[in-house]
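A.B. asks: File follows, start.csv with CSV, C-alpha atoms and all ligand atoms:
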```csv
chain,number,residue,atom,x,y,z
A,223,MET,CA,93.7,208.8,-95.7
A,224,PRO,CA,96.9,206.8,-96.5
A,225,GLU,CA,96.4,203.4,-98.0
A,226,LEU,CA,98.8,200.6,-98.8
A,227,PRO,CA,100.9,202.3,-101.5
A,228,GLU,CA,101.4,205.5,-99.4
A,229,VAL,CA,102.3,203.4,-96.3
A,230,GLU,CA,104.7,201.2,-98.4
A,231,VAL,CA,106.5,204.3,-99.8
A,232,LEU,CA,106.8,205.7,-96.3
A,233,ARG,CA,108.1,202.3,-95.0
A,234,TYR,CA,110.7,202.3,-97.7
A,235,HIS,CA,112.1,205.7,-96.9
A,236,LEU,CA,111.9,205.3,-93.1
A,237,ASP,CA,113.6,201.9,-93.3
A,238,SER,CA,116.7,203.4,-94.8
A,239,LEU,CA,116.6,206.5,-92.5
A,240,LEU,CA,116.0,204.7,-89.2
A,241,THR,CA,117.7,201.3,-89.4
A,242,ASN,CA,120.4,200.9,-86.7
A,243,LYS,CA,119.4,204.2,-84.9
A,244,LYS,CA,119.0,204.0,-81.2
A,245,LEU,CA,115.9,205.4,-79.3
A,246,VAL,CA,117.1,207.8,-76.6
A,247,SER,CA,113.7,208.9,-75.2
A,248,VAL,CA,110.0,209.0,-76.0
A,249,ASP,CA,107.5,211.8,-75.3
A,250,VAL,CA,103.8,211.1,-75.5
A,251,LEU,CA,101.9,214.4,-76.2
A,252,LYS,CA,98.6,212.9,-77.1
A,253,LEU,CA,97.5,210.1,-74.7
A,254,ARG,CA,94.7,208.9,-77.0
A,255,VAL,CA,97.2,207.7,-79.6
A,256,VAL,CA,99.0,205.3,-77.3
A,257,ARG,CA,96.0,203.9,-75.4
A,258,PRO,CA,95.7,201.4,-73.8
A,259,GLU,CA,99.5,201.5,-73.3
A,260,CYS,CA,100.6,204.1,-70.7
A,261,PRO,CA,103.4,206.5,-71.6
A,262,LYS,CA,105.6,205.2,-68.8
A,263,LEU,CA,105.4,201.6,-70.1
A,264,LEU,CA,106.1,202.8,-73.6
A,265,GLN,CA,109.2,204.7,-72.4
A,266,ASP,CA,110.4,201.8,-70.3
A,267,LYS,CA,110.1,199.3,-73.1
A,268,VAL,CA,111.6,201.2,-76.0
A,269,VAL,CA,114.3,203.5,-74.6
A,270,GLY,CA,117.7,202.0,-75.3
A,271,CYS,CA,116.4,199.8,-78.1
A,272,THR,CA,117.9,199.9,-81.6
A,273,ILE,CA,115.7,200.1,-84.7
A,274,LYS,CA,116.5,197.1,-86.8
A,275,GLY,CA,114.1,197.9,-89.7
A,276,VAL,CA,110.7,199.1,-90.6
A,277,GLY,CA,108.0,196.6,-91.5
A,278,ARG,CA,104.5,196.8,-93.1
A,279,LYS,CA,101.3,194.8,-93.4
A,280,GLY,CA,98.3,196.4,-95.0
A,281,LYS,CA,98.1,199.9,-93.7
A,282,PHE,CA,100.1,199.1,-90.5
A,283,LEU,CA,103.8,199.9,-90.0
A,284,TRP,CA,106.1,198.7,-87.3
A,285,LEU,CA,109.5,199.5,-86.0
A,286,GLU,CA,111.4,196.3,-85.3
A,287,LEU,CA,113.1,197.1,-82.0
A,288,GLU,CA,116.1,195.2,-80.5
A,289,ARG,CA,116.6,195.3,-76.8
A,290,ALA,CA,120.2,196.3,-75.8
A,291,GLN,CA,120.8,193.5,-73.3
A,292,SER,CA,119.1,190.4,-74.7
A,293,ARG,CA,119.3,191.3,-78.4
A,294,THR,CA,115.7,190.0,-78.7
A,295,THR,CA,113.3,191.9,-81.0
A,296,PHE,CA,109.7,193.1,-80.8
A,297,PRO,CA,107.5,195.3,-83.0
A,298,LEU,CA,106.3,198.8,-82.0
A,299,ILE,CA,103.2,199.1,-84.3
A,300,ILE,CA,102.0,202.3,-85.8
A,301,HIS,CA,98.8,203.0,-87.7
A,302,LEU,CA,98.6,206.4,-89.3
A,303,GLY,CA,94.8,206.6,-89.0
A,304,MET,CA,93.1,209.3,-91.0
A,305,THR,CA,95.6,212.1,-90.7
A,306,GLY,CA,98.8,210.7,-89.2
A,307,ARG,CA,102.2,211.6,-90.5
A,308,LEU,CA,105.5,210.1,-89.6
A,309,PHE,CA,108.7,212.0,-90.3
A,310,ILE,CA,112.2,212.9,-89.1
A,311,GLN,CA,113.3,216.3,-88.1
A,312,LYS,CA,116.4,217.8,-86.5
A,313,SER,CA,116.1,218.0,-82.7
A,314,ASN,CA,117.1,221.7,-82.6
A,315,LYS,CA,113.9,222.6,-84.5
A,316,SER,CA,110.7,223.2,-82.5
A,317,LEU,CA,108.0,220.5,-82.7
A,318,PRO,CA,105.0,220.9,-85.0
A,319,LYS,CA,101.5,221.5,-83.8
A,320,HIS,CA,99.6,218.2,-83.2
A,321,ALA,CA,102.8,216.2,-82.5
A,322,ALA,CA,101.4,213.1,-80.8
A,323,VAL,CA,104.4,211.0,-80.0
A,324,VAL,CA,108.0,212.1,-80.4
A,325,PHE,CA,110.9,209.5,-80.4
A,326,LYS,CA,114.3,211.1,-79.8
A,327,LEU,CA,117.1,209.5,-81.7
A,328,ASN,CA,120.5,211.1,-81.5
A,329,ARG,CA,120.3,214.5,-83.0
A,330,GLU,CA,116.9,213.9,-84.6
A,331,TYR,CA,113.4,213.3,-83.7
A,332,LEU,CA,111.1,210.7,-85.3
A,333,VAL,CA,107.8,212.6,-85.0
A,334,PHE,CA,104.3,211.1,-85.2
A,335,LYS,CA,102.0,214.0,-85.9
A,336,ASP,CA,98.3,213.3,-85.8
A,337,PRO,CA,95.8,216.3,-85.9
A,338,ARG,CA,92.7,214.1,-85.6
A,339,SER,CA,94.2,211.6,-83.2
A,340,PHE,CA,92.8,208.5,-85.0
A,341,GLY,CA,96.2,207.0,-85.3
A,342,ARG,CA,97.7,204.5,-83.0
A,343,VAL,CA,101.1,203.5,-81.5
A,344,THR,CA,100.9,200.1,-79.7
A,345,PHE,CA,102.7,196.9,-78.8
A,346,ASP,CA,99.6,194.9,-79.4
A,347,ALA,CA,100.5,192.5,-82.1
A,348,ASP,CA,96.9,191.2,-82.3
A,349,CYS,CA,96.1,194.2,-84.6
A,350,LEU,CA,98.5,192.6,-87.1
A,351,GLY,CA,97.3,189.0,-86.5
A,352,SER,CA,93.7,189.9,-87.2
A,353,LEU,CA,94.6,191.3,-90.7
A,354,GLY,CA,93.9,189.3,-93.8
A,355,VAL,CA,96.5,188.7,-96.6
A,356,ASP,CA,98.4,191.8,-97.6
A,357,ALA,CA,97.0,193.1,-100.9
A,358,LEU,CA,100.5,193.5,-102.4
A,359,SER,CA,101.6,190.0,-101.4
A,360,ARG,CA,102.0,187.1,-103.8
A,361,ASP,CA,99.9,185.2,-101.3
A,362,LEU,CA,96.9,187.0,-102.7
A,363,THR,CA,96.2,184.3,-105.3
A,364,GLU,CA,93.2,183.9,-107.6
A,365,GLU,CA,92.0,181.0,-105.4
A,366,MET,CA,92.3,183.1,-102.2
A,367,LEU,CA,90.6,186.1,-103.7
A,368,ALA,CA,87.8,183.9,-105.0
A,369,SER,CA,87.3,182.4,-101.5
A,370,VAL,CA,87.1,185.9,-100.1
A,371,ILE,CA,84.8,187.5,-102.7
A,372,GLN,CA,82.5,184.7,-103.9
A,373,THR,CA,81.5,183.6,-100.3
A,374,THR,CA,79.7,186.8,-99.4
A,375,ASN,CA,76.4,188.6,-100.3
A,376,GLN,CA,78.1,191.9,-99.4
A,377,SER,CA,79.0,194.2,-102.2
A,378,VAL,CA,82.4,193.5,-103.8
A,379,LYS,CA,83.6,196.9,-102.7
A,380,ALA,CA,82.6,196.4,-99.0
A,381,ARG,CA,84.5,193.0,-99.1
A,382,LEU,CA,87.6,194.5,-100.6
A,383,MET,CA,87.7,197.2,-97.9
A,384,ASN,CA,87.4,194.7,-95.0
A,385,GLN,CA,90.9,194.5,-93.6
A,386,LYS,CA,90.2,191.1,-92.0
A,387,HIS,CA,90.1,189.5,-95.5
A,388,ILE,CA,92.5,191.7,-97.6
A,389,ALA,CA,94.7,194.2,-95.9
A,390,GLY,CA,95.6,197.5,-97.5
A,391,LEU,CA,92.8,198.6,-99.8
A,392,GLY,CA,90.7,201.5,-98.5
A,393,ASN,CA,88.1,203.6,-100.3
A,394,ILE,CA,90.5,205.1,-102.9
A,395,TYR,CA,92.1,202.0,-104.2
A,396,SER,CA,88.9,199.9,-104.0
A,397,CYS,CA,87.3,202.3,-106.4
A,398,GLU,CA,90.4,202.3,-108.6
A,399,VAL,CA,90.8,198.5,-108.9
A,400,LEU,CA,87.1,197.9,-109.6
A,401,HIS,CA,87.2,200.4,-112.4
A,402,LYS,CA,90.3,198.8,-113.8
A,403,SER,CA,88.7,195.3,-113.8
A,404,LYS,CA,85.3,196.7,-115.0
A,405,ILE,CA,83.4,195.4,-112.0
A,406,SER,CA,80.4,197.3,-110.5
A,407,PRO,CA,81.2,198.3,-106.9
A,408,PHE,CA,77.6,197.4,-106.0
A,409,ILE,CA,77.6,193.8,-107.3
A,410,LYS,CA,77.3,191.0,-104.6
A,411,GLY,CA,80.5,189.1,-104.1
A,412,SER,CA,78.7,185.8,-104.7
A,413,SER,CA,77.5,187.0,-108.2
A,414,LEU,CA,81.1,187.5,-109.4
A,415,CYS,CA,82.3,184.9,-111.9
A,416,LEU,CA,85.8,183.4,-111.8
A,417,ALA,CA,86.9,185.4,-114.9
A,418,LYS,CA,86.0,188.7,-113.1
A,419,VAL,CA,87.8,187.5,-109.9
A,420,LYS,CA,90.9,186.8,-112.1
A,421,ALA,CA,90.6,190.3,-113.6
A,422,LEU,CA,90.2,191.8,-110.1
A,423,ARG,CA,93.3,190.1,-108.8
A,424,LYS,CA,95.3,191.4,-111.7
A,425,ALA,CA,93.9,194.9,-111.2
A,426,ILE,CA,94.8,194.9,-107.5
A,427,SER,CA,98.4,193.8,-108.2
A,428,MET,CA,99.0,196.2,-111.1
A,429,THR,CA,97.3,199.2,-109.4
A,430,LEU,CA,99.2,198.9,-106.1
A,431,HIS,CA,102.6,198.1,-107.8
A,432,ASN,CA,102.2,201.1,-110.1
A,433,GLN,CA,101.3,203.4,-107.3
A,434,VAL,CA,104.2,202.3,-105.2
A,435,SER,CA,106.6,202.7,-108.2
A,436,PHE,CA,105.1,206.2,-108.8
A,437,GLY,CA,105.5,207.2,-105.1
A,438,LEU,CA,109.1,206.0,-105.1
A,439,SER,CA,109.9,207.9,-108.3
A,440,LEU,CA,109.0,211.3,-106.6
A,441,ASP,CA,111.4,213.7,-104.9
A,442,LEU,CA,109.8,213.3,-101.5
A,443,ASP,CA,110.5,215.0,-98.2
A,444,PHE,CA,110.6,212.3,-95.7
A,445,GLU,CA,113.4,213.9,-93.7
A,446,GLY,CA,111.2,216.7,-92.6
A,447,GLU,CA,107.6,217.7,-92.2
A,448,PHE,CA,105.8,217.5,-95.6
A,449,LYS,CA,105.1,220.8,-97.2
A,450,ASN,CA,102.5,219.5,-99.6
A,451,ASP,CA,99.2,218.7,-98.0
A,452,GLY,CA,96.8,218.2,-100.9
A,453,LEU,CA,94.8,215.1,-101.9
A,454,PHE,CA,98.0,213.4,-102.6
A,455,TYR,CA,99.5,212.0,-99.4
A,456,TYR,CA,103.2,212.4,-100.1
A,457,GLY,CA,105.1,215.6,-99.5
A,458,SER,CA,107.4,217.0,-102.1
A,459,LYS,CA,110.6,218.9,-101.5
A,460,SER,CA,109.4,221.7,-103.6
A,461,GLY,CA,106.1,222.1,-101.7
A,462,ARG,CA,102.8,223.4,-103.0
A,463,ASP,CA,104.3,225.2,-106.0
A,464,ASN,CA,104.8,221.9,-107.6
A,465,GLN,CA,101.7,220.0,-106.5
A,466,LEU,CA,101.9,216.4,-107.4
A,467,LYS,CA,99.0,215.0,-109.4
A,468,GLU,CA,98.0,211.4,-108.7
A,469,PRO,CA,96.8,209.6,-111.9
A,470,PHE,CA,93.5,208.3,-110.5
A,471,ARG,CA,91.1,206.6,-112.9
A,472,VAL,CA,87.9,207.4,-111.0
A,473,TYR,CA,88.6,208.5,-107.4
A,474,GLY,CA,87.8,212.2,-106.9
A,475,ARG,CA,86.8,212.5,-110.6
A,476,GLU,CA,83.0,213.0,-110.3
A,477,GLY,CA,81.7,214.7,-113.5
A,478,GLU,CA,84.9,214.1,-115.5
A,479,SER,CA,85.0,211.7,-118.4
A,480,CYS,CA,86.0,208.1,-118.2
A,481,ARG,CA,89.3,207.5,-119.9
A,482,ASN,CA,88.1,204.2,-121.3
A,483,CYS,CA,84.7,205.1,-122.8
A,484,GLY,CA,84.1,208.9,-122.3
A,485,SER,CA,81.1,208.4,-120.0
A,486,ILE,CA,80.8,210.7,-117.0
A,487,ILE,CA,82.3,209.4,-113.7
A,488,THR,CA,79.5,209.1,-111.1
A,489,ARG,CA,79.7,209.4,-107.3
A,490,SER,CA,77.4,207.4,-105.2
A,491,TYR,CA,77.3,206.5,-101.4
A,492,GLN,CA,77.9,203.1,-100.0
A,493,ALA,CA,78.1,202.6,-96.3
A,494,ASN,CA,78.6,206.4,-95.8
A,495,ARG,CA,81.6,206.4,-98.1
A,496,SER,CA,81.8,208.0,-101.6
A,497,THR,CA,82.1,205.4,-104.4
A,498,TYR,CA,83.3,206.7,-107.7
A,499,TYR,CA,82.7,204.6,-110.8
A,500,CYS,CA,81.9,204.6,-114.5
A,501,PRO,CA,78.3,203.6,-115.1
A,502,GLU,CA,79.2,202.3,-118.6
A,503,CYS,CA,82.4,200.3,-117.9
A,504,GLN,CA,81.2,199.1,-114.6
A,505,LEU,CA,77.6,198.0,-115.4
A,506,CYS,CA,75.9,196.1,-112.6
A,507,ASP,CA,74.5,193.1,-114.6
A,508,GLU,CA,73.2,191.3,-111.5
A,509,THR,CA,69.8,190.0,-111.9
B,601,ZN,ZN,83.9,204.1,-118.8
```
What would you get if you wrote out this structure as structure tokens?
Ligand SMILES: [Zn+2]
C.D. replies:
Amino acid sequence: MPELPEVEVLRYHLDSLLTNKKLVSVDVLKLRVVRPECPKLLQDKVVGCTIKGVGRKGKFLWLELERAQSRTTFPLIIHLGMTGRLFIQKSNKSLPKHAAVVFKLNREYLVFKDPRSFGRVTFDADCLGSLGVDALSRDLTEEMLASVIQTTNQSVKARLMNQKHIAGLGNIYSCEVLHKSKISPFIKGSSLCLAKVKALRKAISMTLHNQVSFGLSLDLDFEGEFKNDGLFYYGSKSGRDNQLKEPFRVYGREGESCRNCGSIITRSYQANRSTYYCPECQLCDET
């Protein structure tokens, strides 16, 4: 599932590929993805609009659309869900299986493909309004993080993943930042001291910035359907032959050794999700 860094890399590429392009038509092939909007309303609202840029908050993207007559703008919001992919292809190529919404530009399509249909295309700006501070934003200060984490008896990991407080961290990067800051994923938020909150904020910022930089350094295929479909979200131009390896610290590394201390990375379950951690570096010293 794409989290903040993957969505930010996608936003960066789409922004340069889509800005100032005009939407000629829209086809909705999977109704579930646009609900509660109806396809006719979607068509009426966006056809003729010009894309002025691509924005992001947390794991949400939006196309900033400008109406031809009034020059006023509004966002068309897209959430990739579990399996959604957004890419550009030539309009003379046939559409992929599981295409959910297809925006016709001039000689290209912007395709939203979603095999499991958990993604969403909507005008409802409330889904952005209900998000907490973006995890990559400078607004995520130590004071703000302390007020989010230290005021709950929930586990630190559950709090980090709650998008209403901090937007953008999912299961993968929550595991990663907790390992980097040497915090147990199981410790109650209210038990975390200020020094650990400080370390956590630094880990969030460094991990996300590093992943975005890493994603931007790759030779990605955002002008067509991704060829590479492994654990790593991005597609490379060279496809599966040159599978990209993501430098995770703990995520997906059960049974491998911790790069800090050599202990074996453990997988446990928290709220039906896999939590990967190092039992040595991330001791739960809660009493
Ligand atoms: Zn360790």
A.B. asks: In Å, rounded to a single decimal, give me how far CA of Ala425 (chain A) is from CA of Arg481 (chain A).
C.D. replies: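 Between CA of Arg481 (chain A) and CA of Ala425 (chain A) the gap is 16.0 Å.
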A.B. asks: Name each residue within 12 Å of ligand ZN 601 (chain B), counting all atoms listed in the file, as a VMD selection string.
C.D. replies: chain A and resid 400 to 406 471 to 472 478 to 488 498 to 505
A.B. asks: Keeping C-alpha atoms, export the residues of the selection given above as an mmCIF file, keeping the file's coordinate frame.
C.D. replies:
```cif
data_model
loop_
_atom_site.group_PDB
_atom_site.id
_atom_site.type_symbol
_atom_site.label_atom_id
_atom_site.label_comp_id
_atom_site.auth_asym_id
_atom_site.auth_seq_id
_atom_site.Cartn_x
_atom_site.Cartn_y
_atom_site.Cartn_z
ATOM 1 C CA LEU A 400 87.100 197.900 -109.600
ATOM 2 C CA HIS A 401 87.200 200.400 -112.400
ATOM 3 C CA LYS A 402 90.300 198.800 -113.800
ATOM 4 C CA SER A 403 88.700 195.300 -113.800
ATOM 5 C CA LYS A 404 85.300 196.700 -115.000
ATOM 6 C CA ILE A 405 83.400 195.400 -112.000
ATOM 7 C CA SER A 406 80.400 197.300 -110.500
ATOM 8 C CA ARG A 471 91.100 206.600 -112.900
ATOM 9 C CA VAL A 472 87.900 207.400 -111.000
ATOM 10 C CA GLU A 478 84.900 214.100 -115.500
ATOM 11 C CA SER A 479 85.000 211.700 -118.400
ATOM 12 C CA CYS A 480 86.000 208.100 -118.200
ATOM 13 C CA ARG A 481 89.300 207.500 -119.900
ATOM 14 C CA ASN A 482 88.100 204.200 -121.300
ATOM 15 C CA CYS A 483 84.700 205.100 -122.800
ATOM 16 C CA GLY A 484 84.100 208.900 -122.300
ATOM 17 C CA SER A 485 81.100 208.400 -120.000
ATOM 18 C CA ILE A 486 80.800 210.700 -117.000
ATOM 19 C CA ILE A 487 82.300 209.400 -113.700
ATOM 20 C CA THR A 488 79.500 209.100 -111.100
ATOM 21 C CA TYR A 498 83.300 206.700 -107.700
ATOM 22 C CA TYR A 499 82.700 204.600 -110.800
ATOM 23 C CA CYS A 500 81.900 204.600 -114.500
ATOM 24 C CA PRO A 501 78.300 203.600 -115.100
ATOM 25 C CA GLU A 502 79.200 202.300 -118.600
ATOM 26 C CA CYS A 503 82.400 200.300 -117.900
ATOM 27 C CA GLN A 504 81.200 199.100 -114.600
ATOM 28 C CA LEU A 505 77.600 198.000 -115.400
#
```
A.B. asks: Work out how far CA of Val323 (chain A) is from CA of Phe340 (chain A), in Å to one decimal.
C.D. replies: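 Taking CA of Phe340 (chain A) and CA of Val323 (chain A), their separation equals 12.9 Å.
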A.B. asks: Would you mind telling me which residue in A:Phe470, A:Cys349, A:Lys418, A:Val229 lies nearest to Gly437 (chain A) when using all atoms listed in the file?
C.D. replies: A:Val229
A.B. asks: Could you check how far CA of Gly341 (chain A) sits from CA of Gly306 (chain A), in Å to one decimal?
C.D. replies: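 Separation between CA of Gly341 (chain A) and CA of Gly306 (chain A): 6.0 Å.
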A.B. asks: Which residue out of A:Pro227, A:Thr294, A:Lys244, A:Thr344 has the minimum interatomic distance to Ile426 (chain A) when only C-alpha atoms are used?
C.D. replies: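 Ranking A:Pro227, A:Thr294, A:Lys244, A:Thr344 by distance to Ile426 (chain A), first place goes to A:Pro227.
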A.B. asks: Select, counting only C-alpha atoms, all protein, DNA and RNA residues no farther than 8 Å from (99.2, 213.7, -76.9) in file coordinates, and express the selection as a list in words.
C.D. replies: Val250, Leu251, Lys252, Leu253, Arg254, Val255, His320, Ala321, Ala322 and Val323 of chain A
A.B. asks: Report as an MDAnalysis selection string all protein, DNA and RNA residues lying within 7 Å of Lys274 (chain A), evaluated on only C-alpha atoms, omitting residues in the same chain fewer than 5 positions from it.
C.D. replies: chainID A and resid 241:242 286:288
A.B. asks: Determine, counting only C-alpha atoms, which protein, DNA and RNA residues have an atom within 12 Å of an atom of Leu416 (chain A); residues of the same chain fewer than 3 positions away are not included. Present the result as number ranges by chain.
C.D. replies: A: 364-369, 371-372, 411-413, 419-423
